[in-house]
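Data file: target_0.txt. Format and content: compact mmCIF, C-alpha atoms.
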```txt
# COMPACT_ATOMS: atom_id res chain seq x y z
CA MET C 1 72.82 112.26 1.84
CA SER C 2 75.23 115.23 2.00
CA ASP C 3 78.71 114.77 3.45
CA PRO C 4 78.75 116.28 6.99
CA ASN C 5 82.49 116.93 6.57
CA ALA C 6 82.10 118.95 3.36
CA LEU C 7 83.04 122.66 3.60
CA ASP C 8 81.26 125.53 1.87
CA ILE C 9 83.90 127.29 -0.24
CA VAL C 10 81.61 130.27 -0.92
CA ALA C 11 81.14 130.95 2.81
CA LEU C 12 84.72 130.17 3.79
CA ALA C 13 86.64 132.18 1.18
CA PRO C 14 85.74 135.72 2.30
CA TYR C 15 86.25 134.78 5.95
CA LEU C 16 89.79 133.56 5.29
CA GLU C 17 90.63 136.62 3.22
CA ALA C 18 89.46 138.84 6.07
CA ASN C 19 91.33 136.96 8.81
CA ILE C 20 94.60 135.71 7.27
CA PRO C 21 96.98 138.39 6.00
CA GLY C 22 97.81 137.84 2.34
CA PHE C 23 95.24 135.10 1.77
CA SER C 24 93.45 135.52 -1.56
CA ASP C 25 91.21 133.68 -4.01
CA LEU C 26 90.37 130.30 -2.46
CA ARG C 27 90.12 127.95 -5.44
CA SER C 28 89.64 124.46 -4.02
CA ILE C 29 89.17 122.48 -0.81
CA GLU C 30 90.29 118.86 -0.67
CA LYS C 31 89.79 116.68 2.41
CA PHE C 32 92.75 114.52 3.35
CA LYS C 33 91.74 110.86 3.54
CA SER C 34 93.96 110.14 6.53
CA GLY C 35 93.01 110.99 10.09
CA GLN C 36 90.07 109.78 12.13
CA SER C 37 89.67 112.52 14.70
CA ASN C 38 89.77 116.09 13.43
CA PRO C 39 89.01 116.36 9.70
CA THR C 40 91.83 118.06 7.81
CA TYR C 41 91.72 119.82 4.44
CA LEU C 42 94.12 121.11 1.81
CA LEU C 43 93.22 124.65 0.75
CA THR C 44 94.54 125.83 -2.60
CA ALA C 45 94.40 129.58 -3.19
CA ALA C 46 96.04 132.12 -5.45
CA SER C 47 98.22 133.03 -2.47
CA GLY C 48 99.46 129.46 -1.97
CA ARG C 49 98.53 126.21 -0.24
CA TYR C 50 97.30 125.96 3.34
CA VAL C 51 95.94 123.32 5.69
CA LEU C 52 92.69 123.71 7.63
CA ARG C 53 91.98 121.43 10.58
CA ALA C 54 88.54 121.44 12.20
CA LYS C 55 86.51 119.84 14.89
CA PRO C 56 84.31 117.07 13.48
CA PRO C 57 80.60 117.74 13.09
CA GLY C 58 77.98 116.35 15.45
CA ALA C 59 77.88 115.60 19.16
CA LEU C 60 81.36 115.18 20.68
CA LEU C 61 82.73 113.67 23.85
CA LYS C 62 83.68 116.15 26.55
CA SER C 63 87.30 117.38 26.31
CA ALA C 64 87.80 115.74 22.89
CA HIS C 65 88.77 117.44 19.60
CA GLN C 66 90.26 120.56 21.17
CA VAL C 67 91.72 122.15 18.06
CA ASP C 68 92.36 125.32 20.04
CA ARG C 69 94.94 123.40 22.10
CA GLU C 70 96.62 122.20 18.91
CA PHE C 71 96.80 125.80 17.70
CA ARG C 72 98.19 127.04 20.99
CA VAL C 73 100.95 124.46 21.30
CA MET C 74 102.14 124.89 17.71
CA LYS C 75 102.12 128.67 18.06
CA ALA C 76 104.22 128.34 21.23
CA LEU C 77 106.66 125.84 19.71
CA ALA C 78 107.21 128.15 16.74
CA THR C 79 109.16 130.37 19.17
CA THR C 80 111.61 127.48 19.75
CA ALA C 81 113.80 125.42 17.42
CA PHE C 82 111.29 122.55 17.44
CA PRO C 83 109.86 121.79 13.95
CA VAL C 84 106.14 122.65 13.59
CA PRO C 85 104.05 124.26 10.83
CA ARG C 86 103.37 127.99 11.21
CA VAL C 87 99.79 128.54 12.39
CA LEU C 88 97.88 131.44 10.88
CA HIS C 89 94.39 131.69 12.36
CA LEU C 90 92.09 130.12 14.96
CA SER C 91 88.34 130.57 14.54
CA THR C 92 85.61 130.52 17.16
CA GLU C 93 82.83 127.93 17.26
CA ASP C 94 80.66 130.48 15.43
CA SER C 95 82.62 130.16 12.19
CA PRO C 96 81.45 129.90 8.56
CA ILE C 97 81.63 126.10 8.83
CA GLY C 98 79.71 125.99 12.11
CA ARG C 99 82.55 124.71 14.27
CA MET C 100 86.02 125.70 15.43
CA PHE C 101 88.98 125.31 13.07
CA TYR C 102 92.49 126.62 12.54
CA VAL C 103 94.63 127.24 9.47
CA MET C 104 98.35 126.58 9.15
CA ASP C 105 101.00 126.65 6.45
CA TYR C 106 101.28 123.71 4.10
CA VAL C 107 104.71 122.13 4.68
CA GLU C 108 106.47 120.53 1.72
CA GLY C 109 108.08 117.14 2.28
CA ARG C 110 107.41 113.43 2.71
CA ILE C 111 104.89 111.69 4.94
CA LEU C 112 105.95 108.07 5.39
CA TRP C 113 103.05 105.75 6.17
CA ASP C 114 104.69 102.35 6.52
CA PRO C 115 106.98 101.88 9.58
CA GLU C 116 108.87 99.25 7.55
CA LEU C 117 109.86 102.12 5.21
CA SER C 118 109.47 99.85 2.21
CA GLU C 119 109.54 102.87 -0.12
CA ILE C 120 113.10 103.69 1.06
CA ALA C 121 115.68 101.68 -0.87
CA ASP C 122 118.69 102.23 1.38
CA ASN C 123 119.15 100.70 4.85
CA GLY C 124 121.27 103.65 5.92
CA GLU C 125 118.48 106.12 5.15
CA ARG C 126 115.93 103.93 6.98
CA GLY C 127 118.07 103.94 10.08
CA ALA C 128 118.64 107.69 9.78
CA ILE C 129 114.88 108.33 9.57
CA TYR C 130 114.33 106.46 12.82
CA ASP C 131 117.25 108.31 14.39
CA SER C 132 115.72 111.64 13.37
CA MET C 133 112.42 110.62 14.96
CA ASN C 134 114.29 109.69 18.13
CA ALA C 135 116.22 112.97 18.23
CA THR C 136 113.04 114.97 17.63
CA LEU C 137 111.23 113.22 20.47
CA ALA C 138 114.11 113.85 22.86
CA ALA C 139 114.17 117.51 21.79
CA LEU C 140 110.43 117.83 22.46
CA HIS C 141 110.84 116.50 25.99
CA ASP C 142 113.67 118.97 26.60
CA VAL C 143 111.58 122.04 25.63
CA ASP C 144 111.44 124.59 28.45
CA VAL C 145 107.65 124.78 28.79
CA GLY C 146 107.78 127.85 31.00
CA ALA C 147 109.86 129.82 28.53
CA ALA C 148 107.58 128.70 25.70
CA GLY C 149 104.49 129.96 27.54
CA LEU C 150 103.11 126.48 28.13
CA GLY C 151 103.56 126.24 31.88
CA ASP C 152 99.79 125.97 32.34
CA PHE C 153 99.18 123.65 29.37
CA GLY C 154 98.32 120.75 31.69
CA LYS C 155 98.34 119.70 35.30
CA PRO C 156 101.86 118.78 36.43
CA GLY C 157 102.33 115.46 38.22
CA SER C 158 100.26 112.26 38.53
CA TYR C 159 100.05 112.06 34.74
CA PHE C 160 99.35 108.34 34.45
CA GLU C 161 96.71 108.44 37.20
CA ARG C 162 94.87 111.35 35.56
CA GLN C 163 95.15 109.91 32.06
CA LEU C 164 93.96 106.50 33.17
CA GLY C 165 90.89 108.11 34.70
CA ARG C 166 90.24 110.26 31.65
CA TRP C 167 90.56 107.50 29.07
CA THR C 168 88.63 105.00 31.17
CA SER C 169 85.78 107.52 31.26
CA GLN C 170 86.09 108.14 27.52
CA TYR C 171 86.11 104.42 26.83
CA ARG C 172 83.05 103.76 28.98
CA ALA C 173 81.21 106.68 27.35
CA SER C 174 81.79 105.21 23.87
CA GLU C 175 81.55 101.51 24.80
CA THR C 176 79.42 99.51 22.38
CA GLY C 177 79.88 96.06 23.89
CA ALA C 178 81.90 94.19 26.50
CA VAL C 179 85.58 93.49 25.72
CA ALA C 180 86.91 91.21 28.45
CA ASP C 181 90.58 92.02 27.77
CA MET C 182 89.87 95.75 28.10
CA ASP C 183 88.16 95.24 31.44
CA ARG C 184 91.08 93.17 32.67
CA LEU C 185 93.62 95.68 31.36
CA ILE C 186 91.90 98.60 33.08
CA SER C 187 91.86 96.68 36.35
CA TRP C 188 95.57 95.82 36.04
CA LEU C 189 96.53 99.40 35.28
CA GLU C 190 94.56 100.69 38.25
CA SER C 191 96.29 98.15 40.52
CA ASN C 192 99.79 98.83 39.16
CA LEU C 193 99.94 102.62 38.94
CA PRO C 194 103.54 103.68 39.65
CA ALA C 195 104.27 106.35 42.21
CA ASP C 196 104.64 109.79 40.67
CA ASP C 197 108.35 110.40 39.98
CA GLY C 198 107.99 114.13 39.32
CA LEU C 199 109.00 114.00 35.65
CA VAL C 200 107.01 116.50 33.57
CA SER C 201 107.50 117.62 29.98
CA LEU C 202 105.49 118.64 26.97
CA VAL C 203 104.19 115.40 25.46
CA HIS C 204 102.76 114.99 21.97
CA GLY C 205 100.36 112.17 22.77
CA ASP C 206 100.31 110.60 19.29
CA TYR C 207 103.98 110.50 18.35
CA ARG C 208 104.41 108.17 15.41
CA LEU C 209 105.96 108.05 11.95
CA ASP C 210 102.98 109.29 9.93
CA ASN C 211 102.46 112.34 12.15
CA MET C 212 105.72 113.80 10.87
CA ILE C 213 106.85 115.42 7.65
CA PHE C 214 110.36 114.52 6.51
CA ALA C 215 112.47 116.63 4.17
CA ALA C 216 112.23 115.55 0.54
CA ASP C 217 116.01 115.38 0.15
CA ARG C 218 117.26 114.13 3.53
CA PRO C 219 116.15 111.91 6.45
CA SER C 220 115.24 114.80 8.77
CA VAL C 221 111.97 115.72 10.47
CA VAL C 222 110.85 119.16 9.25
CA ALA C 223 107.43 119.28 10.97
CA VAL C 224 105.52 117.34 13.61
CA LEU C 225 101.73 117.28 13.10
CA ASP C 226 98.53 116.34 14.96
CA TRP C 227 98.91 117.88 18.43
CA GLU C 228 95.35 117.12 19.57
CA LEU C 229 96.47 114.95 22.50
CA SER C 230 99.39 117.12 23.60
CA THR C 231 99.64 118.21 27.22
CA LEU C 232 102.08 118.48 30.08
CA GLY C 233 102.72 114.89 31.04
CA HIS C 234 105.20 112.12 31.52
CA PRO C 235 107.81 111.90 28.76
CA TYR C 236 107.98 108.10 28.90
CA ALA C 237 104.34 107.92 27.79
CA ASP C 238 105.35 109.35 24.40
CA LEU C 239 108.31 106.99 24.12
CA ALA C 240 106.23 103.93 25.03
CA TYR C 241 103.47 104.94 22.64
CA GLN C 242 105.92 105.04 19.76
CA CYS C 243 107.54 101.78 20.86
CA MET C 244 104.18 100.02 20.54
CA GLN C 245 105.04 100.05 16.84
CA TRP C 246 107.66 97.36 17.44
CA ARG C 247 104.99 95.08 18.94
CA LEU C 248 102.00 95.64 16.66
CA PRO C 249 101.70 93.04 13.89
CA HIS C 250 102.66 94.34 10.46
CA SER C 251 99.72 92.48 8.93
CA SER C 252 97.25 94.48 11.03
CA GLY C 253 95.69 97.80 10.11
CA PHE C 254 98.34 99.44 12.31
CA ARG C 255 101.18 98.22 10.05
CA GLY C 256 103.50 97.67 12.99
CA LEU C 257 106.96 96.15 13.01
CA GLY C 258 105.90 92.86 14.60
CA GLY C 259 107.15 89.92 12.55
CA ILE C 260 109.56 92.10 10.52
CA ASP C 261 113.29 91.29 10.41
CA ARG C 262 114.25 94.78 11.50
CA ALA C 263 118.02 94.27 11.42
CA ALA C 264 117.82 93.16 7.78
CA ILE C 265 116.29 96.48 6.73
CA GLY C 266 118.40 98.76 8.92
CA LEU C 267 115.88 99.52 11.68
CA PRO C 268 116.77 99.59 15.39
CA THR C 269 115.36 97.20 17.94
CA GLU C 270 113.07 98.58 20.63
CA LYS C 271 115.92 98.26 23.14
CA GLU C 272 118.31 100.16 20.87
CA TYR C 273 115.75 102.91 20.21
CA VAL C 274 115.07 103.39 23.93
CA ALA C 275 118.80 103.42 24.69
CA LYS C 276 119.41 106.12 22.07
CA TYR C 277 116.63 108.26 23.57
CA CYS C 278 118.08 107.81 27.07
CA GLY C 279 121.52 108.79 25.81
CA ARG C 280 120.19 111.96 24.22
CA ARG C 281 118.37 112.95 27.40
CA LYS C 282 121.24 111.86 29.66
CA ILE C 283 119.18 109.42 31.73
CA ASN C 284 120.15 105.95 32.89
CA GLY C 285 117.05 104.03 31.83
CA ILE C 286 113.26 103.81 31.89
CA GLY C 287 111.49 102.56 35.00
CA ASN C 288 108.08 100.84 34.92
CA TRP C 289 108.46 100.12 31.20
CA THR C 290 105.81 97.36 31.20
CA PHE C 291 103.29 99.74 32.75
CA CYS C 292 104.14 102.48 30.24
CA LEU C 293 103.65 100.11 27.32
CA ALA C 294 100.43 98.59 28.71
CA PHE C 295 99.04 102.06 29.34
CA SER C 296 99.86 103.04 25.75
CA PHE C 297 98.00 100.02 24.38
CA PHE C 298 95.03 100.86 26.59
CA ARG C 299 94.89 104.52 25.61
CA LEU C 300 95.09 103.73 21.90
CA ALA C 301 92.33 101.14 22.32
CA ALA C 302 90.15 103.75 24.05
CA ILE C 303 90.80 106.19 21.20
CA CYS C 304 89.88 103.53 18.63
CA GLN C 305 86.67 102.80 20.50
CA GLY C 306 85.74 106.48 20.27
CA VAL C 307 86.39 106.48 16.52
CA TYR C 308 84.28 103.34 16.12
CA LYS C 309 81.42 104.85 18.11
CA ARG C 310 81.50 108.00 15.95
CA ALA C 311 81.26 105.79 12.87
CA LEU C 312 78.16 104.12 14.28
CA ASP C 313 76.75 107.55 15.12
CA GLY C 314 77.45 108.83 11.61
CA ASN C 315 79.95 111.61 12.31
CA ALA C 316 83.38 109.97 11.80
CA SER C 317 85.94 111.77 9.62
CA ASN C 318 86.38 108.64 7.44
CA PRO C 319 83.31 106.46 8.14
CA GLU C 320 84.30 103.41 6.10
CA LYS C 321 87.69 103.09 7.75
CA ALA C 322 86.34 104.02 11.17
CA ARG C 323 84.09 100.96 11.28
CA GLN C 324 87.21 98.77 11.26
CA TYR C 325 88.31 100.23 14.58
CA GLY C 326 85.98 98.01 16.60
CA ASP C 327 88.24 95.03 15.85
CA ALA C 328 91.32 97.11 16.61
CA VAL C 329 90.16 97.59 20.20
CA LYS C 330 90.19 93.82 20.74
CA LEU C 331 93.60 93.45 19.07
CA LEU C 332 95.21 96.14 21.21
CA ALA C 333 93.68 94.92 24.45
CA GLY C 334 94.76 91.37 23.66
CA LEU C 335 98.36 92.43 23.02
CA ALA C 336 98.41 94.39 26.27
CA VAL C 337 97.12 91.41 28.25
CA ARG C 338 99.88 89.24 26.78
CA LEU C 339 102.38 91.90 27.83
CA ILE C 340 101.21 92.10 31.45
CA ASP C 341 101.09 88.31 31.60
CA GLY C 342 104.76 88.21 30.58
CA LYS C 343 104.09 86.51 27.24
CA GLU C 344 105.57 89.35 25.15
```

Would you write out, as structure tokens, the structure that this file holds?
Amino acid sequence: MSDPNALDIVALAPYLEANIPGFSDLRSIEKFKSGQSNPTYLLTAASGRYVLRAKPPGALLKSAHQVDREFRVMKALATTAFPVPRVLHLSTEDSPIGRMFYVMDYVEGRILWDPELSEIADNGERGAIYDSMNATLAALHDVDVGAAGLGDFGKPGSYFERQLGRWTSQYRASETGAVADMDRLISWLESNLPADDGLVSLVHGDYRLDNMIFAADRPSVVAVLDWELSTLGHPYADLAYQCMQWRLPHSSGFRGLGGIDRAAIGLPTEKEYVAKYCGRRKINGIGNWTFCLAFSFFRLAAICQGVYKRALDGNASNPEKARQYGDAVKLLAGLAVRLIDGKE
């Protein structure tokens, strides 16, 4: 059986040469193994290295895999000081690969996969990496969306209410069996929605360590990747999503910081990380933190369920890994239920 994610180099090469200034002589296409949503490829050409990111093949859930939104937000952020790769071209659905894709520069640097940062020998550098992530997140939430041309990038206000509705619908559409903790979590979130406080910023939606490229020679973020879930939303959703990392077990497929002696390896506590973010944004604290965290667990569980369903349907980006996501849904929902029950 042929790989549905494979790209035809013969068909793609002349298209890229015609649509990307300076592009010449496509020599190889290599699919990155990471990523479960939009398949991503390294293009090596005589003119340099590039990255192509495409919609997955097959039938897709409504409003999912909007690579055109990724392209738009990165193009807009390139006009600011925020670190993103330079985007070069966005195709239409009627492209040589039969679906929409975009091409961006390949950014040199380090992608760090383990939140424990076991590959970093020095505690000071570990702490500095987390501080750079924190500063980059605060800078994102301070972007003037109007000046960047992103004032209509999402509906302002009622972010949690709209997102809860969206991801509940996505979860139900990809549901493959009853998960009691998910049902209970959805009910709790619906009953505990906070009043809209009017805070709106550009949010990344999947802000975590391995969606960033760090400089090879210093602990600084040089590019933030994977903007598929970005929108105008509530800034605390991004912060809570990243802070899930402190609560996820390190032994799980998520490689969280749960069970790790963080102080011994130079990493901040969740409380310290949140306080640093608040200081950078000149705010006094985070309200409704339990709701923000529980919502983040729920949304990630809904995303994992979608990945698992695509694996069963045969159109996941990494089918073997995607099949493991069914168990992840139960893990995430269980952790969220412990949180809302006050056991975490």

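If only C-alpha atoms are the atoms counted, then among C:Ala333, C:Ala223, C:Val179, C:Leu7 the closest residue to C:Leu209 is C:Ala223.
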
One-decimal distance in Å that lies between atom CA of C:Pro56 and atom CA of C:Ala11: 17.8 Å

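Nearest residue to C:Tyr50 among C:Asp105, C:Asp25, C:Glu272, C:Glu30 is C:Asp105, counting all atoms listed in the file.
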
Nearest candidate to C:Gln242 (options C:Thr290, C:Ser201, C:Thr40, C:Ser296; using all atoms listed in the file): C:Ser296

For C:Ile286, find every residue with an atom within 12 Å (counting all atoms listed in the file), except residues of its own chain fewer than 2 positions away, and show them as JSON, numbers by chain. {"C": [197, 199, 234, 235, 236, 237, 239, 240, 271, 273, 274, 275, 276, 277, 278, 279, 281, 282, 283, 284, 288, 289, 290, 291, 292, 293]}

Where does stretch 104-175 of chain C meet stretch 41-45 of chain C within 12 Å, residue by residue, with the nearest atom pair and distance in Å to one decimal for each, counting all atoms listed in the file, listed by chain and rising number, as a Markdown table?
```
| residue | atom | partner | partner_atom | distance |
| --- | --- | --- | --- | --- |
| C:Met104 | CA | C:Leu43 | CA | 10.0 |
| C:Asp105 | CA | C:Leu43 | CA | 9.8 |
| C:Tyr106 | CA | C:Leu42 | CA | 8.0 |
| C:Val107 | CA | C:Leu42 | CA | 11.0 |
```

Residues from last step as file, C-alpha atoms, as a compact mmCIF listing (two decimals), in the frame of the given file:
```
# COMPACT_ATOMS: atom_id res chain seq x y z
CA MET C 104 98.35 126.58 9.15
CA ASP C 105 101.00 126.65 6.45
CA TYR C 106 101.28 123.71 4.10
CA VAL C 107 104.71 122.13 4.68
```

How far is it from atom CA of C:Ser91 to atom CA of C:Ala147, in Å with one decimal? 25.7 Å

Box in all listed atoms of stretch 63-80 of chain C, axis-aligned, with 8 Å more on each side; write out centre and edge lengths in Å to one decimal as JSON.
```
{"center_x": 99.5, "center_y": 123.1, "center_z": 21.5, "size_x": 40.3, "size_y": 30.6, "size_z": 25.6}
```

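Distance annotation: of C:Ala336, C:Ala148, C:Ala264, C:Met133, the residue with the minimal separation from C:Val221 is C:Met133; atom set is only C-alpha atoms.
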
Give me, please, the distance in Å between atom CA of C:Ala302 and atom CA of C:Ile186, quoted to one decimal. 10.5 Å

Smallest atom-to-atom distance to C:Trp167: which of C:Arg184, C:Ser252, C:Leu300, C:Lys75, using only C-alpha atoms? C:Leu300

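Residues lying within 12 Å of C:Arg255, counting all atoms listed in the file and ignoring same-chain neighbours fewer than 6 positions away, are Leu112, Trp113, Asp114, Pro115, Glu116, Leu117, Ser118, Arg208, Leu209, Asp210, Met244, Gln245, Trp246, Arg247, Leu248, Pro249 and Ala328 of chain C.
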